[in-house]
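*Asks:* Here you go, upload17.csv (CSV, C-alpha atoms):
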```
chain,number,residue,atom,x,y,z
K,1,MET,CA,15.3,6.6,38.5
K,2,MET,CA,13.4,4.0,36.4
K,3,LYS,CA,10.2,2.7,38.0
K,4,ILE,CA,7.7,0.0,37.2
K,5,TYR,CA,4.3,0.2,38.9
K,6,ASP,CA,5.6,2.7,41.4
K,7,LYS,CA,8.5,0.5,42.4
K,8,ASN,CA,12.2,1.2,41.9
K,9,ILE,CA,13.4,-1.1,39.1
K,10,GLU,CA,16.0,-2.7,41.4
K,11,GLU,CA,13.3,-3.6,43.9
K,12,PHE,CA,11.0,-4.8,41.2
K,13,VAL,CA,13.7,-7.1,39.7
K,14,ASP,CA,14.7,-8.5,43.2
K,15,GLU,CA,11.1,-9.3,43.9
K,16,LEU,CA,10.7,-11.1,40.5
K,17,ILE,CA,13.9,-13.2,41.1
K,18,ASN,CA,12.9,-14.1,44.6
K,19,SER,CA,9.4,-15.1,43.4
K,20,LEU,CA,10.9,-17.3,40.7
K,21,ARG,CA,13.2,-19.0,43.2
K,22,LYS,CA,10.2,-19.8,45.4
K,23,ILE,CA,8.1,-21.1,42.5
K,24,ILE,CA,10.9,-23.3,41.0
K,25,GLY,CA,12.5,-24.5,44.2
K,26,ASP,CA,15.1,-27.2,43.3
K,27,LYS,CA,13.4,-28.3,40.1
K,28,TYR,CA,14.5,-27.7,36.5
K,29,VAL,CA,13.1,-25.3,33.9
K,30,LEU,CA,12.9,-25.3,30.2
K,31,ALA,CA,12.8,-21.8,28.6
K,32,ALA,CA,11.3,-21.1,25.2
K,33,VAL,CA,13.4,-18.3,23.8
K,34,SER,CA,13.3,-16.6,20.4
K,35,GLY,CA,15.7,-13.7,20.7
K,36,GLY,CA,13.0,-11.2,21.1
K,37,VAL,CA,13.2,-8.9,24.2
K,38,ASP,CA,10.2,-10.6,26.0
K,39,SER,CA,11.4,-14.2,25.9
K,40,THR,CA,15.0,-13.0,26.5
K,41,VAL,CA,14.2,-11.0,29.6
K,42,ALA,CA,12.0,-13.8,31.0
K,43,THR,CA,14.7,-16.4,30.4
K,44,TYR,CA,17.5,-14.2,31.8
K,45,LEU,CA,15.6,-13.4,35.0
K,46,THR,CA,15.0,-17.2,35.5
K,47,TRP,CA,18.7,-17.9,34.9
K,48,LEU,CA,19.5,-15.2,37.5
K,49,ALA,CA,17.2,-17.0,39.9
K,50,VAL,CA,18.2,-20.6,39.5
K,51,GLY,CA,21.3,-20.7,37.3
K,52,ASP,CA,22.0,-23.6,35.1
K,53,ARG,CA,18.8,-25.4,36.0
K,54,VAL,CA,17.4,-23.4,33.2
K,55,LYS,CA,17.6,-25.1,29.8
K,56,ALA,CA,17.1,-22.6,27.0
K,57,TYR,CA,15.7,-23.8,23.7
K,58,ILE,CA,15.1,-22.1,20.3
K,59,ILE,CA,12.5,-24.1,18.4
K,60,ASP,CA,13.3,-23.8,14.7
K,61,THR,CA,9.8,-23.8,13.1
K,62,GLY,CA,11.1,-22.8,9.7
K,63,PHE,CA,9.5,-19.4,9.9
K,64,MET,CA,12.4,-17.4,11.3
K,65,ARG,CA,14.3,-15.0,9.0
K,66,GLU,CA,17.4,-16.2,7.2
K,67,GLY,CA,20.3,-16.7,9.5
K,68,GLU,CA,18.4,-15.4,12.5
K,69,ILE,CA,18.5,-18.5,14.7
K,70,GLU,CA,22.3,-18.7,14.6
K,71,LYS,CA,22.6,-14.9,15.3
K,72,VAL,CA,20.2,-15.2,18.3
K,73,LYS,CA,22.0,-18.2,19.7
K,74,SER,CA,25.3,-16.3,19.6
K,75,LEU,CA,23.8,-13.2,21.3
K,76,LEU,CA,22.2,-15.2,24.1
K,77,GLU,CA,25.3,-17.1,24.8
K,78,SER,CA,27.3,-13.9,25.1
K,79,MET,CA,25.0,-13.2,28.1
K,80,GLY,CA,26.0,-16.5,29.7
K,81,LEU,CA,23.0,-18.5,28.7
K,82,GLN,CA,23.4,-22.0,27.2
K,83,VAL,CA,21.1,-22.3,24.2
K,84,ASN,CA,20.0,-25.4,22.3
K,85,ILE,CA,18.3,-25.4,18.9
K,86,TYR,CA,15.7,-27.9,18.0
K,87,ASP,CA,14.8,-28.2,14.3
K,88,ALA,CA,11.0,-28.9,13.9
K,89,SER,CA,10.7,-27.1,10.5
K,90,GLU,CA,9.5,-30.2,8.5
K,91,LEU,CA,6.8,-30.9,11.1
K,92,PHE,CA,5.5,-27.3,10.8
K,93,TYR,CA,5.7,-27.1,7.1
K,94,ASN,CA,3.9,-30.5,6.5
K,95,SER,CA,1.1,-29.5,8.9
K,96,LEU,CA,0.5,-26.0,7.4
K,97,ILE,CA,1.0,-26.3,3.7
K,98,GLY,CA,-2.3,-25.4,1.9
K,99,LYS,CA,-3.9,-23.9,5.0
K,100,SER,CA,-5.4,-20.4,4.4
K,101,ASP,CA,-7.5,-19.5,7.4
K,102,ALA,CA,-5.6,-17.1,9.7
K,103,GLU,CA,-7.1,-18.5,12.9
K,104,GLU,CA,-6.6,-22.1,11.9
K,105,LYS,CA,-3.0,-21.5,11.0
K,106,ARG,CA,-2.3,-19.8,14.4
K,107,LYS,CA,-4.0,-22.7,16.3
K,108,ILE,CA,-2.1,-25.4,14.3
K,109,PHE,CA,1.1,-23.5,15.0
K,110,ARG,CA,0.3,-23.2,18.7
K,111,GLU,CA,-0.5,-26.9,19.1
K,112,LEU,CA,2.7,-28.0,17.3
K,113,PHE,CA,4.8,-25.5,19.2
K,114,TYR,CA,3.6,-26.7,22.6
K,115,GLU,CA,3.7,-30.4,21.7
K,116,THR,CA,7.3,-29.9,20.7
K,117,LEU,CA,8.1,-28.1,24.0
K,118,ALA,CA,6.3,-30.8,25.9
K,119,LYS,CA,8.6,-33.4,24.3
K,120,LEU,CA,11.7,-31.4,25.3
K,121,VAL,CA,10.4,-30.7,28.8
K,122,LYS,CA,10.1,-34.5,29.3
K,123,GLU,CA,13.5,-35.2,27.7
K,124,GLU,CA,15.2,-32.6,30.0
K,125,ASN,CA,13.4,-33.9,33.1
K,126,ALA,CA,12.0,-30.4,33.8
K,127,ASP,CA,8.8,-29.4,35.6
K,128,PHE,CA,8.4,-25.9,34.4
K,129,LEU,CA,8.3,-24.0,31.1
K,130,VAL,CA,9.1,-20.3,31.2
K,131,GLN,CA,8.0,-18.0,28.4
K,132,GLY,CA,7.9,-14.3,27.6
K,133,THR,CA,4.1,-13.6,27.4
K,134,ILE,CA,3.3,-10.0,28.1
K,135,ALA,CA,0.1,-8.1,28.8
K,136,PRO,CA,-0.9,-7.2,25.2
K,137,ASP,CA,-0.6,-10.9,24.2
K,138,TRP,CA,-3.3,-12.1,26.5
K,139,ILE,CA,-5.4,-8.9,26.3
K,140,GLU,CA,-5.7,-9.2,22.5
K,141,THR,CA,-6.4,-13.0,22.7
K,142,THR,CA,-9.0,-12.8,25.5
K,143,GLY,CA,-10.5,-9.8,23.8
K,144,GLY,CA,-10.9,-11.6,20.6
K,145,ILE,CA,-8.5,-9.4,18.6
K,146,LYS,CA,-6.3,-12.3,17.5
K,147,THR,CA,-5.0,-15.5,18.9
K,148,GLN,CA,-1.5,-15.1,20.2
K,149,HIS,CA,0.3,-18.5,20.1
K,150,ASN,CA,1.8,-18.1,23.6
K,151,VAL,CA,-1.5,-17.5,25.5
K,152,LEU,CA,-2.7,-20.6,27.3
K,153,THR,CA,-3.9,-20.3,30.9
K,154,GLN,CA,-5.7,-17.0,30.2
K,155,ILE,CA,-8.0,-18.8,27.8
K,156,GLY,CA,-8.6,-21.8,30.0
K,157,ILE,CA,-5.9,-24.2,28.7
K,158,LYS,CA,-4.3,-26.0,31.6
K,159,PRO,CA,-0.7,-26.8,30.4
K,160,GLU,CA,0.0,-29.1,33.4
K,161,LEU,CA,-2.9,-31.4,32.2
K,162,LYS,CA,-2.5,-31.0,28.5
K,163,TYR,CA,1.2,-30.8,28.1
K,164,GLY,CA,2.7,-32.0,31.3
K,165,PHE,CA,4.5,-28.9,32.5
K,166,ASN,CA,3.7,-25.9,34.8
K,167,LEU,CA,3.9,-22.6,33.1
K,168,ILE,CA,5.9,-19.6,34.4
K,169,GLU,CA,5.2,-16.1,32.8
K,170,PRO,CA,7.2,-13.6,34.8
K,171,LEU,CA,6.3,-10.7,32.5
K,172,ALA,CA,2.6,-11.4,32.0
K,173,ASN,CA,1.4,-8.1,33.6
K,174,LEU,CA,4.0,-5.9,31.8
K,175,TYR,CA,3.9,-3.9,28.5
K,176,LYS,CA,6.6,-3.7,25.9
K,177,ASP,CA,8.1,-0.4,27.1
K,178,GLN,CA,8.3,-1.8,30.6
K,179,VAL,CA,10.0,-4.9,29.4
K,180,ARG,CA,12.6,-2.8,27.5
K,181,MET,CA,13.2,-0.9,30.8
K,182,LEU,CA,13.9,-4.2,32.5
K,183,ALA,CA,16.2,-5.2,29.6
K,184,LYS,CA,18.2,-2.0,29.9
K,185,TYR,CA,18.6,-2.4,33.7
K,186,LEU,CA,19.7,-6.0,33.2
K,187,LYS,CA,22.3,-4.9,30.6
K,188,ILE,CA,20.8,-7.1,27.9
K,189,PRO,CA,22.6,-6.3,24.6
K,190,GLU,CA,21.0,-3.4,22.7
K,191,GLU,CA,20.5,-5.6,19.6
K,192,ILE,CA,18.0,-7.7,21.6
K,193,ARG,CA,16.7,-4.9,23.8
K,194,GLU,CA,15.7,-2.7,20.8
K,195,ARG,CA,14.9,-5.5,18.4
K,196,GLN,CA,11.7,-4.9,16.6
K,197,PRO,CA,8.8,-7.2,17.7
K,198,PHE,CA,8.6,-10.4,15.6
K,199,PRO,CA,5.5,-12.6,15.9
K,200,GLY,CA,5.7,-16.0,17.6
K,201,PRO,CA,4.6,-17.8,14.4
K,202,GLY,CA,7.2,-15.7,12.6
K,203,LEU,CA,6.8,-15.3,8.8
K,204,LEU,CA,3.9,-17.7,8.8
K,205,VAL,CA,1.5,-14.8,9.6
K,206,ARG,CA,3.2,-12.6,7.0
K,207,CYS,CA,2.5,-15.2,4.3
K,208,VAL,CA,-1.1,-14.0,4.2
K,209,GLY,CA,-3.7,-16.4,3.1
K,210,GLU,CA,-2.8,-19.9,1.8
K,211,PHE,CA,0.6,-21.1,3.0
K,212,GLU,CA,2.9,-22.2,0.2
K,213,LEU,CA,6.6,-23.0,0.5
K,214,GLU,CA,7.3,-20.9,-2.6
K,215,LYS,CA,5.5,-18.0,-1.0
K,216,LEU,CA,7.6,-18.3,2.2
K,217,LYS,CA,10.9,-18.6,0.2
K,218,ALA,CA,10.0,-15.4,-1.7
K,219,LEU,CA,9.2,-13.5,1.5
K,220,LYS,CA,12.4,-14.7,3.1
K,221,ASN,CA,14.3,-13.5,0.1
K,222,MET,CA,12.6,-10.1,0.1
K,223,THR,CA,13.2,-9.7,3.8
K,224,VAL,CA,16.9,-10.2,3.4
K,225,LEU,CA,17.1,-7.9,0.5
K,226,CYS,CA,15.2,-5.1,2.2
K,227,GLU,CA,16.2,-5.4,5.8
K,228,ASP,CA,18.6,-2.5,5.9
K,229,LEU,CA,16.2,-0.2,3.9
K,230,LEU,CA,13.3,-1.1,6.2
K,231,MET,CA,15.4,-0.1,9.2
K,232,LYS,CA,15.8,3.4,7.8
K,233,ILE,CA,12.1,4.0,8.2
K,234,ASP,CA,11.3,6.0,11.4
K,235,ALA,CA,9.1,3.3,12.9
K,236,SER,CA,8.7,1.1,16.0
K,237,GLN,CA,8.2,-1.8,13.6
K,238,SER,CA,8.6,-2.3,9.9
K,239,PHE,CA,8.3,-5.4,7.8
K,240,LEU,CA,7.1,-7.0,4.6
K,241,ALA,CA,4.2,-9.3,4.0
K,242,ILE,CA,3.3,-11.3,0.9
K,243,PHE,CA,-0.1,-11.8,-0.7
K,244,LYS,CA,-1.6,-13.4,-3.8
K,245,LYS,CA,-1.6,-10.8,-6.7
K,246,PRO,CA,-4.8,-8.7,-6.1
K,247,ARG,CA,-7.4,-8.2,-8.8
K,248,MET,CA,-8.4,-4.9,-10.3
K,249,THR,CA,-11.9,-4.0,-9.1
K,250,THR,CA,-14.4,-1.3,-8.6
K,251,SER,CA,-17.9,-0.7,-7.1
K,252,LYS,CA,-20.1,2.2,-6.3
K,253,GLU,CA,-18.6,2.4,-2.8
K,254,ILE,CA,-15.0,2.3,-4.2
K,255,SER,CA,-15.9,5.0,-6.7
K,256,ASP,CA,-17.4,7.2,-4.0
K,257,PHE,CA,-14.2,6.6,-1.9
K,258,ILE,CA,-12.0,7.6,-4.8
K,259,LYS,CA,-14.0,10.8,-5.3
K,260,GLU,CA,-13.3,11.7,-1.6
K,261,VAL,CA,-9.6,10.9,-2.2
K,262,LYS,CA,-9.6,13.3,-5.2
K,263,ASN,CA,-11.2,16.0,-3.0
K,264,ILE,CA,-8.6,15.5,-0.3
K,265,THR,CA,-5.6,15.5,-2.7
K,266,GLY,CA,-6.8,18.0,-5.3
K,267,ILE,CA,-6.3,15.4,-8.0
K,268,GLY,CA,-8.6,15.8,-11.0
K,269,GLY,CA,-9.5,13.6,-13.9
K,270,ARG,CA,-8.7,9.9,-14.4
K,271,GLY,CA,-5.7,7.8,-13.6
K,272,PHE,CA,-6.8,6.0,-10.4
K,273,LYS,CA,-6.8,2.2,-10.3
K,274,THR,CA,-8.2,0.2,-7.5
K,275,PHE,CA,-7.3,-3.4,-6.5
K,276,GLU,CA,-8.9,-5.7,-4.0
K,277,PHE,CA,-6.9,-8.4,-2.2
K,278,TYR,CA,-8.2,-11.9,-2.2
K,279,GLU,CA,-7.2,-12.5,1.4
K,280,ARG,CA,-9.3,-11.3,4.3
K,281,VAL,CA,-7.0,-9.5,6.9
K,282,THR,CA,-7.5,-8.9,10.6
K,283,GLY,CA,-8.9,-5.6,11.7
K,284,ILE,CA,-10.7,-4.2,14.8
K,285,LYS,CA,-14.2,-2.9,15.0
K,286,GLY,CA,-15.3,-1.8,18.4
K,287,ASP,CA,-13.4,-4.1,20.7
K,288,SER,CA,-13.7,-7.2,18.5
K,289,ARG,CA,-11.6,-8.8,15.7
K,290,VAL,CA,-13.0,-8.8,12.2
K,291,TYR,CA,-11.7,-10.4,9.0
K,292,SER,CA,-12.3,-7.8,6.3
K,293,LYS,CA,-11.2,-6.7,2.9
K,294,MET,CA,-8.1,-4.8,2.0
K,295,LEU,CA,-8.2,-2.2,-0.8
K,296,GLY,CA,-5.2,-1.1,-2.8
K,297,ILE,CA,-5.2,2.2,-4.7
K,298,TYR,CA,-2.9,3.4,-7.4
K,299,TYR,CA,-2.1,6.9,-8.9
K,300,LYS,CA,1.1,7.7,-10.7
K,301,GLU,CA,1.9,10.6,-8.4
K,302,VAL,CA,2.3,8.4,-5.4
K,303,ASP,CA,3.6,11.1,-3.1
K,304,LEU,CA,0.4,13.0,-3.3
K,305,LEU,CA,-1.4,10.0,-1.8
K,306,LEU,CA,1.3,9.4,0.8
K,307,ARG,CA,1.2,13.0,2.0
K,308,ALA,CA,-2.6,12.8,2.4
K,309,LYS,CA,-2.6,9.4,4.1
K,310,ASP,CA,-4.0,10.6,7.4
K,311,GLU,CA,-7.0,12.3,5.8
K,312,ILE,CA,-7.6,9.3,3.5
K,313,VAL,CA,-7.7,6.8,6.4
K,314,LYS,CA,-10.2,9.1,8.2
K,315,VAL,CA,-12.8,8.9,5.4
K,316,PHE,CA,-12.5,5.3,4.2
K,317,PRO,CA,-14.4,3.7,7.2
K,318,LYS,CA,-17.3,6.0,6.5
K,319,ILE,CA,-17.6,4.8,2.9
K,320,LEU,CA,-16.0,1.3,2.7
K,321,LYS,CA,-18.0,-0.6,5.3
K,322,LYS,CA,-16.5,-4.0,4.3
K,323,HIS,CA,-12.9,-2.9,4.4
K,324,THR,CA,-10.5,-2.3,7.4
K,325,ARG,CA,-7.3,-1.6,5.4
K,326,ILE,CA,-6.1,0.8,2.7
K,327,ALA,CA,-2.8,0.4,1.0
K,328,ILE,CA,-1.2,2.6,-1.6
K,329,MET,CA,0.6,0.9,-4.6
K,330,VAL,CA,4.1,2.4,-4.7
K,331,SER,CA,5.3,0.4,-7.7
K,332,GLU,CA,4.4,0.6,-11.4
K,333,PRO,CA,2.0,-2.3,-11.8
K,334,ARG,CA,3.3,-5.0,-14.1
K,335,PRO,CA,1.3,-8.0,-15.4
K,336,ALA,CA,3.9,-10.7,-14.7
K,337,GLY,CA,4.3,-12.4,-11.4
K,338,LYS,CA,2.0,-14.1,-8.9
K,339,TYR,CA,2.5,-12.3,-5.6
K,340,ALA,CA,2.2,-8.8,-4.2
K,341,ILE,CA,4.3,-7.4,-1.3
K,342,ALA,CA,2.9,-5.0,1.4
K,343,ILE,CA,5.3,-2.8,3.3
K,344,ARG,CA,4.0,-2.3,6.9
K,345,ALA,CA,5.4,0.3,9.2
K,346,VAL,CA,4.0,1.6,12.5
K,347,LYS,CA,4.9,3.9,15.4
K,348,THR,CA,3.8,3.0,18.9
K,349,SER,CA,4.9,2.8,22.5
K,350,ASP,CA,2.6,0.0,23.8
K,351,PHE,CA,1.6,-1.8,20.5
K,352,MET,CA,-2.1,-1.5,21.6
K,353,THR,CA,-2.5,1.4,19.3
K,354,ALA,CA,-0.3,2.5,16.4
K,355,SER,CA,0.1,5.2,13.8
K,356,VAL,CA,1.6,5.0,10.3
K,357,PRO,CA,4.7,7.2,9.6
K,358,TYR,CA,5.2,9.1,6.3
K,359,VAL,CA,8.0,7.5,4.4
K,360,ASP,CA,10.0,9.5,1.8
K,361,ILE,CA,9.1,8.4,-1.7
K,362,LYS,CA,12.8,7.8,-2.5
K,363,LEU,CA,13.2,5.3,0.3
K,364,LEU,CA,10.0,3.5,-0.8
K,365,GLN,CA,11.3,3.4,-4.3
K,366,ASN,CA,14.6,1.9,-3.2
K,367,ILE,CA,12.6,-0.8,-1.4
K,368,VAL,CA,10.5,-1.3,-4.5
K,369,ASP,CA,13.6,-1.6,-6.7
K,370,GLU,CA,14.9,-4.4,-4.5
K,371,VAL,CA,11.6,-6.2,-4.2
K,372,MET,CA,10.9,-6.1,-8.0
K,373,LYS,CA,14.2,-7.9,-8.7
K,374,ASP,CA,12.2,-11.0,-7.8
K,375,LYS,CA,10.1,-11.9,-10.9
K,376,ARG,CA,7.5,-13.6,-8.7
K,377,ILE,CA,6.5,-10.1,-7.4
K,378,THR,CA,4.1,-8.0,-9.5
K,379,GLN,CA,3.0,-5.2,-7.1
K,380,VAL,CA,4.3,-3.4,-4.0
K,381,TYR,CA,2.1,-1.5,-1.6
K,382,TYR,CA,2.5,0.7,1.5
K,383,ASP,CA,-0.2,0.0,4.1
K,384,ILE,CA,-1.4,3.3,5.5
K,385,THR,CA,-3.9,2.0,8.0
K,386,PRO,CA,-3.3,2.7,11.7
K,387,LYS,CA,-4.3,0.5,14.6
K,388,PRO,CA,-7.3,0.5,15.0
K,389,PRO,CA,-9.0,-0.1,12.6
K,390,ALA,CA,-6.2,-2.5,11.5
K,391,THR,CA,-4.1,-4.8,13.6
K,392,ILE,CA,-0.3,-4.4,13.1
K,393,GLU,CA,0.1,-7.9,11.6
K,394,TYR,CA,-2.2,-9.1,8.8
K,395,GLU,CA,-3.3,-12.4,10.5
```
For this file, produce the structure as structure tokens.
*Replies:*
Amino acid sequence: MMKIYDKNIEEFVDELINSLRKIIGDKYVLAAVSGGVDSTVATYLTWLAVGDRVKAYIIDTGFMREGEIEKVKSLLESMGLQVNIYDASELFYNSLIGKSDAEEKRKIFRELFYETLAKLVKEENADFLVQGTIAPDWIETTGGIKTQHNVLTQIGIKPELKYGFNLIEPLANLYKDQVRMLAKYLKIPEEIRERQPFPGPGLLVRCVGEFELEKLKALKNMTVLCEDLLMKIDASQSFLAIFKKPRMTTSKEISDFIKEVKNITGIGGRGFKTFEFYERVTGIKGDSRVYSKMLGIYYKEVDLLLRAKDEIVKVFPKILKKHTRIAIMVSEPRPAGKYAIAIRAVKTSDFMTASVPYVDIKLLQNIVDEVMKDKRITQVYYDITPKPPATIEYE
């Protein structure tokens, strides 16, 4: 029998529902739902507790994948929930265009997100906001790894004073695998239950560095083209991110690193190229977040590098002190185009640590073929860095 914190899951759910009833009383609740398993479980439990006094909203920030909002609405309504969509995309775009600092972008997103929710709470005459914050969200935020947009009270923000609502987070002490257990017990559709995690700020944090609408459009297009192929990777999460085209570079440290790569792989002679990304990306050193460099390496026999990825990532922190990520270029470099795409895939149970799976070169080449149909793309990389020293997302 499934258990959560030594309690039978039936008992655990009953206690959660009864607790929600006591907290909410006869008042109304607005639920922020995205279609991910966390927000869906939190909303569904609240609906089981107080019924139609829950008003579920999807905030269209403009950073969801193509067609995703309509699909999510249909799935949630098949469960009995009534779901409203509020389009705030122009507000988000206008506030974020030209912004490049990862932390600044996340904080702008958070403020706009909760200001929008505060407006809807007031319009719906509600007293509470329910959301699907889980333990890794606030652990990473309070620990300085990255600012999760849905963490407020744990960092000293009082939503009742700042936004005019009381916050309910029924899953705040649970981890992803436990939330999935709850979803299975509650018979939430598998398409939601096993849906890969998608960040609250959506594709914003996968448009790494300066936010541009063209960059977002290119990423949305790539994501649609490659969605089915990405799902064939044996991973807990797999996605694309977009960067400014990296510059070819070298240094003594990079040369020393490539010598180690040659020793590991048995590759002799020349043929290596190294590229440095302009954007700083998030990483972890000790228990703290760092914004560090990302290095791309290229050799024509890509599979030799892919098969040696675990040995490569073991040696790079010892040599490249200013880098926290290594990515292998899996496309033939071409001069045209202004953007590069990174393929990110990880295997994990709790999303606190993660490894990177080996991906068959033929599958990677199929993804490359789709991506390179877009003339704006000049290079494609496979990120081989585990968590730590990298985070799963780039910002």
*Asks:* Could you give me, as a PyMOL selection string, the residues that have an atom at most 6 Å away from the point (-5.4, -10.3, -5.5) in the coordinates of the file, using only C-alpha atoms?
*Replies:* chain K and resi 244-247+276-278
*Asks:* Using all atoms listed in the file and a cutoff of 12 Å, can you tell me which residues are near (16.9, -21.0, 17.6) in the file's coordinates, and write them out as a JSON list (two decimals) with C-alpha atoms, in the coordinates of the input?
*Replies:*
```
[["chain", "number", "residue", "atom", "x", "y", "z"],
["K", 31, "ALA", "CA", 12.80, -21.80, 28.60],
["K", 32, "ALA", "CA", 11.30, -21.10, 25.20],
["K", 33, "VAL", "CA", 13.40, -18.30, 23.80],
["K", 34, "SER", "CA", 13.30, -16.60, 20.40],
["K", 35, "GLY", "CA", 15.70, -13.70, 20.70],
["K", 36, "GLY", "CA", 13.00, -11.20, 21.10],
["K", 56, "ALA", "CA", 17.10, -22.60, 27.00],
["K", 57, "TYR", "CA", 15.70, -23.80, 23.70],
["K", 58, "ILE", "CA", 15.10, -22.10, 20.30],
["K", 59, "ILE", "CA", 12.50, -24.10, 18.40],
["K", 60, "ASP", "CA", 13.30, -23.80, 14.70],
["K", 61, "THR", "CA", 9.80, -23.80, 13.10],
["K", 62, "GLY", "CA", 11.10, -22.80, 9.70],
["K", 63, "PHE", "CA", 9.50, -19.40, 9.90],
["K", 64, "MET", "CA", 12.40, -17.40, 11.30],
["K", 65, "ARG", "CA", 14.30, -15.00, 9.00],
["K", 66, "GLU", "CA", 17.40, -16.20, 7.20],
["K", 67, "GLY", "CA", 20.30, -16.70, 9.50],
["K", 68, "GLU", "CA", 18.40, -15.40, 12.50],
["K", 69, "ILE", "CA", 18.50, -18.50, 14.70],
["K", 70, "GLU", "CA", 22.30, -18.70, 14.60],
["K", 71, "LYS", "CA", 22.60, -14.90, 15.30],
["K", 72, "VAL", "CA", 20.20, -15.20, 18.30],
["K", 73, "LYS", "CA", 22.00, -18.20, 19.70],
["K", 74, "SER", "CA", 25.30, -16.30, 19.60],
["K", 75, "LEU", "CA", 23.80, -13.20, 21.30],
["K", 76, "LEU", "CA", 22.20, -15.20, 24.10],
["K", 77, "GLU", "CA", 25.30, -17.10, 24.80],
["K", 82, "GLN", "CA", 23.40, -22.00, 27.20],
["K", 83, "VAL", "CA", 21.10, -22.30, 24.20],
["K", 84, "ASN", "CA", 20.00, -25.40, 22.30],
["K", 85, "ILE", "CA", 18.30, -25.40, 18.90],
["K", 86, "TYR", "CA", 15.70, -27.90, 18.00],
["K", 87, "ASP", "CA", 14.80, -28.20, 14.30],
["K", 88, "ALA", "CA", 11.00, -28.90, 13.90],
["K", 89, "SER", "CA", 10.70, -27.10, 10.50]]
```
*Asks:* Identify, on the basis of only C-alpha atoms, every residue whose closest approach to segment 337-344 of chain K does not exceed 10 Å; exclude the query and any residue fewer than 5 positions from it along the same chain; express the result as a PyMOL selection string.
*Replies:* chain K and resi 206-207+215+218-219+222+230+235+237-246+277+296+327-330+356-357+364+367-368+371-372+374-385+392-394
*Asks:* Skip Lys314 of chain K itself and residues of its chain fewer than 6 positions away, then list as a PyMOL selection string all residues within 12 Å of it, counting all atoms listed in the file.
*Replies:* chain K and resi 257+260-261+264+308+320+324-326+384-386+388-389
*Asks:* Using only C-alpha atoms, please write the residues we just selected to a file, as a PDB file, in the coordinates of the input.
*Replies:*
```pdb
ATOM      1  CA  PHE K 257     -14.200   6.600  -1.900  1.00  0.00           C
ATOM      2  CA  GLU K 260     -13.300  11.700  -1.600  1.00  0.00           C
ATOM      3  CA  VAL K 261      -9.600  10.900  -2.200  1.00  0.00           C
ATOM      4  CA  ILE K 264      -8.600  15.500  -0.300  1.00  0.00           C
ATOM      5  CA  ALA K 308      -2.600  12.800   2.400  1.00  0.00           C
ATOM      6  CA  LEU K 320     -16.000   1.300   2.700  1.00  0.00           C
ATOM      7  CA  THR K 324     -10.500  -2.300   7.400  1.00  0.00           C
ATOM      8  CA  ARG K 325      -7.300  -1.600   5.400  1.00  0.00           C
ATOM      9  CA  ILE K 326      -6.100   0.800   2.700  1.00  0.00           C
ATOM     10  CA  ILE K 384      -1.400   3.300   5.500  1.00  0.00           C
ATOM     11  CA  THR K 385      -3.900   2.000   8.000  1.00  0.00           C
ATOM     12  CA  PRO K 386      -3.300   2.700  11.700  1.00  0.00           C
ATOM     13  CA  PRO K 388      -7.300   0.500  15.000  1.00  0.00           C
ATOM     14  CA  PRO K 389      -9.000  -0.100  12.600  1.00  0.00           C
TER      15      PRO K 389
END
```
*Asks:* Have a look at atom CA of Phe198 of chain K and atom CA of Gly164 of chain K and let me know their distance in Å, one decimal.
*Replies:*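 Atom-to-atom, atom CA of Phe198 of chain K to atom CA of Gly164 of chain K, that is 27.3 Å.
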*Asks:* Do you know which residues are at most 7 Å from Leu167 of chain K counting all atoms listed in the file, after dropping those on the same chain fewer than 3 positions away, and could you put them as a PDB file with C-alpha atoms, in the coordinates of the input?
*Replies:*
```pdb
ATOM      1  CA  PHE K 128       8.400 -25.900  34.400  1.00  0.00           C
ATOM      2  CA  LEU K 129       8.300 -24.000  31.100  1.00  0.00           C
ATOM      3  CA  VAL K 130       9.100 -20.300  31.200  1.00  0.00           C
ATOM      4  CA  PRO K 159      -0.700 -26.800  30.400  1.00  0.00           C
TER       5      PRO K 159
END
```
*Asks:* Find, counting only C-alpha atoms, the residue in K:Glu190, K:Glu370, K:Asp6, K:Glu395 that gets nearest to Glu227 of chain K.
*Replies:* K:Glu370
*Asks:* For Ser236 of chain K, which residue out of K:Lys252, K:Lys347, K:Lys362, K:Lys309 is the nearest one, using only C-alpha atoms?
*Replies:*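 Residue with the minimum atom-to-atom distance to Ser236 of chain K: K:Lys347.
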*Asks:* Rounded to one decimal place, report the atom CA of Ile258 of chain K-atom CA of Asp303 of chain K distance in Å.
*Replies:*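 Rounded to one decimal, the two atoms are 16.1 Å apart.
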*Asks:* Could you check which of K:Ala345, K:Ala354, K:Ser39, K:Pro201 is closest to Glu111 of chain K, using only C-alpha atoms?
*Replies:* K:Pro201
*Asks:* Which of these residues is nearest to Ile192 of chain K, using all atoms listed in the file: K:Val281, K:Gly271, K:Ser78, K:Asn94?
*Replies:* K:Ser78
*Asks:* Mind pulling up the distance from atom CA of Gly283 of chain K to atom CA of Pro333 of chain K?
*Replies:* 26.1 Å
*Asks:* Would you mind listing what lies within 9 Å of Glu194 of chain K as JSON, numbers by chain, with all atoms listed in the file counted and same-chain residues fewer than 3 positions away left out?
*Replies:* {"K": [36, 37, 180, 189, 190, 191, 197]}
*Asks:* Given the selection you just returned, output its residues as a file containing C-alpha atoms, formatted as a PDB file, keeping the file's coordinate frame.
*Replies:*
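Listed below is the output, selection-v5.pdb:
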```
ATOM      1  CA  GLY K  36      13.000 -11.200  21.100  1.00  0.00           C
ATOM      2  CA  VAL K  37      13.200  -8.900  24.200  1.00  0.00           C
ATOM      3  CA  ARG K 180      12.600  -2.800  27.500  1.00  0.00           C
ATOM      4  CA  PRO K 189      22.600  -6.300  24.600  1.00  0.00           C
ATOM      5  CA  GLU K 190      21.000  -3.400  22.700  1.00  0.00           C
ATOM      6  CA  GLU K 191      20.500  -5.600  19.600  1.00  0.00           C
ATOM      7  CA  PRO K 197       8.800  -7.200  17.700  1.00  0.00           C
TER       8      PRO K 197
END
```
